[in-house]
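A quick write-up on the structure given underneath.
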Amino acid sequence: MSEPLKIASWNINSVRARLDIVERFLVEEAPHILCLQETKVMDDIFPGDLFRRLGYTWQILHGQRMHHGVAIMSKVPVREDDRFDWQANGEARHVGVCLENGVRIENVYVPAGGDIPDADLNPKFGQKLAFLQRMIDWSTALDSKPTILTGDFNIAPLECDVWSHKQLLNVVSHTPVECEILGRLQASNDWVDLGRQFYPAPQRLYTWWSYRAQNWAESDRGRRLDHMWVTPDIAGKAVSHRVAEPARGWTKPSDHVPLITEFAF
């Protein structure tokens, strides 16, 4: 392509409930590809017309009623490459595509893991760790194709990825066991974390703010739960990366904001 390929990722927390801000984002940012997580809609009632009207001809859907769900919307040709059941229970949490240039995009929604960081007391936490272990097994065996792994990982791995490392050490998404397993996932294929490539630690970089905060911007109790990783062979192709933080203040927002990366392939 003559212009950089712009790829965005966004946990939208129900795509049908937030069509207005989805349209605003697509008009203002015009990414070539948008990876969505937590779409919360079956494929047969996914609001594809809005995306088609804005030029997103290629639509790869993996939906689920009321829960989970992922989708990839694209203005450029893509073909479905895979969809893995890393949850091992049929939940719609992953879909992958391949671009014409051979680059793969893997769009994933890692389970949140419940509220108690103990697999014996909270089966959801154990399922989250098992999900990540299956991702490690996949990543370790990955072939040499250039790959982008993006989505809501539901883990803020570094001390500077949360508003208070000390206060969140025992809070699901920043516990030592989660950070350790995500570190093993990253090491399993030498994944490059583009967020920290462009904004080295300890720079502030959040992608999620709780709905519980009366004023999310003023309190700024954020966490970096959303990520875009790439295999080392294309890390140098990323020419920009940013978090669309203002979207958290739009009308009826998601609690997550989009990531936007441009690649010079």
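Identifiers in this document derive from the order of the structure tokens: chains are assigned A, B, ..., residues are numbered from 1 separately in each chain, and ligands are numbered from 1 in order of occurrence.
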Taking 5 positions as the minimum chain separation for residues in the same chain, which residues sit within 10 Å of Asp161 (chain A) when counting only C-alpha atoms? Answer as a CSV table (one decimal) with C-alpha atoms, in the first residue's frame.
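Final file, out28.csv:
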```
chain,number,residue,atom,x,y,z
A,155,ILE,CA,-4.1,-8.0,32.3
A,156,ALA,CA,-2.0,-4.9,33.0
A,174,HIS,CA,-2.7,-7.1,38.0
A,196,ARG,CA,5.8,-0.1,25.3
A,201,ALA,CA,7.9,2.3,30.8
A,202,PRO,CA,7.3,4.0,33.1
A,203,GLN,CA,5.3,6.4,30.9
A,204,ARG,CA,1.5,6.6,31.7
A,205,LEU,CA,-0.4,4.4,29.3
A,206,TYR,CA,-4.0,3.3,30.1
A,207,THR,CA,-6.7,1.8,28.0
A,222,GLY,CA,-6.8,3.5,34.7
A,223,ARG,CA,-5.3,0.2,33.7
A,224,ARG,CA,-3.6,-1.0,30.5
A,225,LEU,CA,-5.7,-4.1,29.7
```
From a DSSP calculation on the backbone, collect every residue of region 48-196 of chain A in strand (DSSP E or B) and output the set as a PyMOL selection string. chain A and resi 58-62+70-74+78-82+94-99+104-109+147-152+162+192-193
Write out the residues from the selection above, keeping N, CA and C atoms, as a CSV table (one decimal), in the first residue's frame.
```csv
chain,number,residue,atom,x,y,z
A,58,TRP,N,-15.2,-6.4,4.1
A,58,TRP,CA,-14.9,-7.7,4.7
A,58,TRP,C,-15.2,-7.7,6.1
A,59,GLN,N,-16.1,-8.7,6.5
A,59,GLN,CA,-16.6,-8.8,7.9
A,59,GLN,C,-16.4,-10.2,8.4
A,60,ILE,N,-15.5,-10.4,9.3
A,60,ILE,CA,-15.3,-11.7,9.9
A,60,ILE,C,-15.9,-11.7,11.3
A,61,LEU,N,-17.0,-12.5,11.5
A,61,LEU,CA,-17.7,-12.5,12.7
A,61,LEU,C,-17.6,-13.8,13.5
A,62,HIS,N,-17.5,-13.6,14.8
A,62,HIS,CA,-17.6,-14.8,15.7
A,62,HIS,C,-18.3,-14.4,16.9
A,70,VAL,N,-16.3,-11.7,19.1
A,70,VAL,CA,-15.2,-10.9,18.5
A,70,VAL,C,-15.5,-10.7,17.0
A,71,ALA,N,-15.0,-9.7,16.4
A,71,ALA,CA,-15.2,-9.5,15.0
A,71,ALA,C,-14.1,-8.7,14.4
A,72,ILE,N,-13.8,-8.9,13.1
A,72,ILE,CA,-12.8,-8.1,12.4
A,72,ILE,C,-13.5,-7.5,11.2
A,73,MET,N,-13.5,-6.1,11.1
A,73,MET,CA,-14.1,-5.4,10.0
A,73,MET,C,-12.9,-4.8,9.2
A,74,SER,N,-13.0,-4.9,7.9
A,74,SER,CA,-11.9,-4.5,7.1
A,74,SER,C,-12.3,-3.8,5.8
A,78,VAL,N,-9.3,-9.5,3.4
A,78,VAL,CA,-8.8,-10.5,4.4
A,78,VAL,C,-9.6,-11.8,4.2
A,79,ARG,N,-9.0,-12.8,4.7
A,79,ARG,CA,-9.7,-14.1,4.7
A,79,ARG,C,-9.5,-14.7,6.1
A,80,GLU,N,-10.5,-15.4,6.5
A,80,GLU,CA,-10.5,-16.0,7.8
A,80,GLU,C,-9.4,-17.0,7.9
A,81,ASP,N,-8.6,-17.0,8.9
A,81,ASP,CA,-7.4,-17.9,9.0
A,81,ASP,C,-7.7,-18.9,10.1
A,82,ASP,N,-8.3,-18.5,11.2
A,82,ASP,CA,-8.5,-19.5,12.3
A,82,ASP,C,-9.4,-18.9,13.3
A,94,HIS,N,-12.1,-15.6,20.1
A,94,HIS,CA,-10.9,-15.4,19.2
A,94,HIS,C,-11.4,-15.6,17.7
A,95,VAL,N,-10.8,-14.8,16.9
A,95,VAL,CA,-10.9,-15.0,15.4
A,95,VAL,C,-9.6,-14.4,14.8
A,96,GLY,N,-9.2,-15.1,13.8
A,96,GLY,CA,-7.9,-14.6,13.1
A,96,GLY,C,-8.2,-14.5,11.6
A,97,VAL,N,-7.4,-13.6,11.0
A,97,VAL,CA,-7.5,-13.4,9.5
A,97,VAL,C,-6.1,-13.3,9.0
A,98,CYS,N,-6.0,-13.4,7.7
A,98,CYS,CA,-4.8,-13.3,7.0
A,98,CYS,C,-4.9,-12.2,5.9
A,99,LEU,N,-4.0,-11.3,5.9
A,99,LEU,CA,-4.0,-10.2,4.8
A,99,LEU,C,-3.4,-10.8,3.5
A,104,ARG,N,-0.7,-12.1,9.4
A,104,ARG,CA,-1.9,-12.6,10.1
A,104,ARG,C,-2.3,-11.6,11.3
A,105,ILE,N,-3.6,-11.5,11.5
A,105,ILE,CA,-4.1,-10.7,12.6
A,105,ILE,C,-4.9,-11.7,13.5
A,106,GLU,N,-4.5,-11.8,14.8
A,106,GLU,CA,-5.2,-12.6,15.7
A,106,GLU,C,-5.9,-11.7,16.7
A,107,ASN,N,-7.2,-11.8,16.8
A,107,ASN,CA,-8.0,-10.9,17.6
A,107,ASN,C,-8.6,-11.7,18.8
A,108,VAL,N,-8.2,-11.3,20.0
A,108,VAL,CA,-8.5,-12.2,21.2
A,108,VAL,C,-9.2,-11.3,22.3
A,109,TYR,N,-10.1,-12.0,23.0
A,109,TYR,CA,-10.7,-11.4,24.2
A,109,TYR,C,-10.5,-12.4,25.3
A,147,THR,N,2.9,-12.0,12.4
A,147,THR,CA,1.6,-12.0,13.1
A,147,THR,C,1.4,-10.8,14.0
A,148,ILE,N,0.2,-10.3,14.0
A,148,ILE,CA,-0.2,-9.3,15.0
A,148,ILE,C,-1.2,-9.9,15.9
A,149,LEU,N,-0.9,-9.9,17.2
A,149,LEU,CA,-1.8,-10.4,18.2
A,149,LEU,C,-2.3,-9.2,19.0
A,150,THR,N,-3.7,-9.0,18.9
A,150,THR,CA,-4.2,-7.8,19.6
A,150,THR,C,-5.5,-8.2,20.2
A,151,GLY,N,-6.0,-7.2,21.1
A,151,GLY,CA,-7.3,-7.4,21.8
A,151,GLY,C,-7.2,-7.0,23.2
A,152,ASP,N,-8.3,-7.4,23.9
A,152,ASP,CA,-8.4,-7.2,25.4
A,152,ASP,C,-7.8,-8.4,26.1
A,162,VAL,N,-0.8,0.4,35.7
A,162,VAL,CA,-2.0,0.6,36.6
A,162,VAL,C,-1.8,1.9,37.4
A,192,VAL,N,6.6,-8.6,20.5
A,192,VAL,CA,7.0,-7.2,20.8
A,192,VAL,C,5.7,-6.4,21.2
A,193,ASP,N,5.7,-5.9,22.4
A,193,ASP,CA,4.6,-5.1,22.9
A,193,ASP,C,4.7,-3.7,22.3
```
Measuring between only C-alpha atoms, which one of A:Asn215, A:Leu169, A:Ile45, A:Val76 shows the shortest distance to Thr57 (chain A)? A:Val76
Within 10 Å of region 8-17 of chain A, counting only C-alpha atoms, which residues qualify if same-chain residues fewer than 5 places away don't, as a PyMOL selection string? chain A and resi 22+26+29-41+45-47+66-70+72-73+107-109+150-152+207-208+225-228+241-244+252-262
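Straight-line separation from CA of Asp120 (chain A) to CA of Lys166 (chain A): 23.9 Å.
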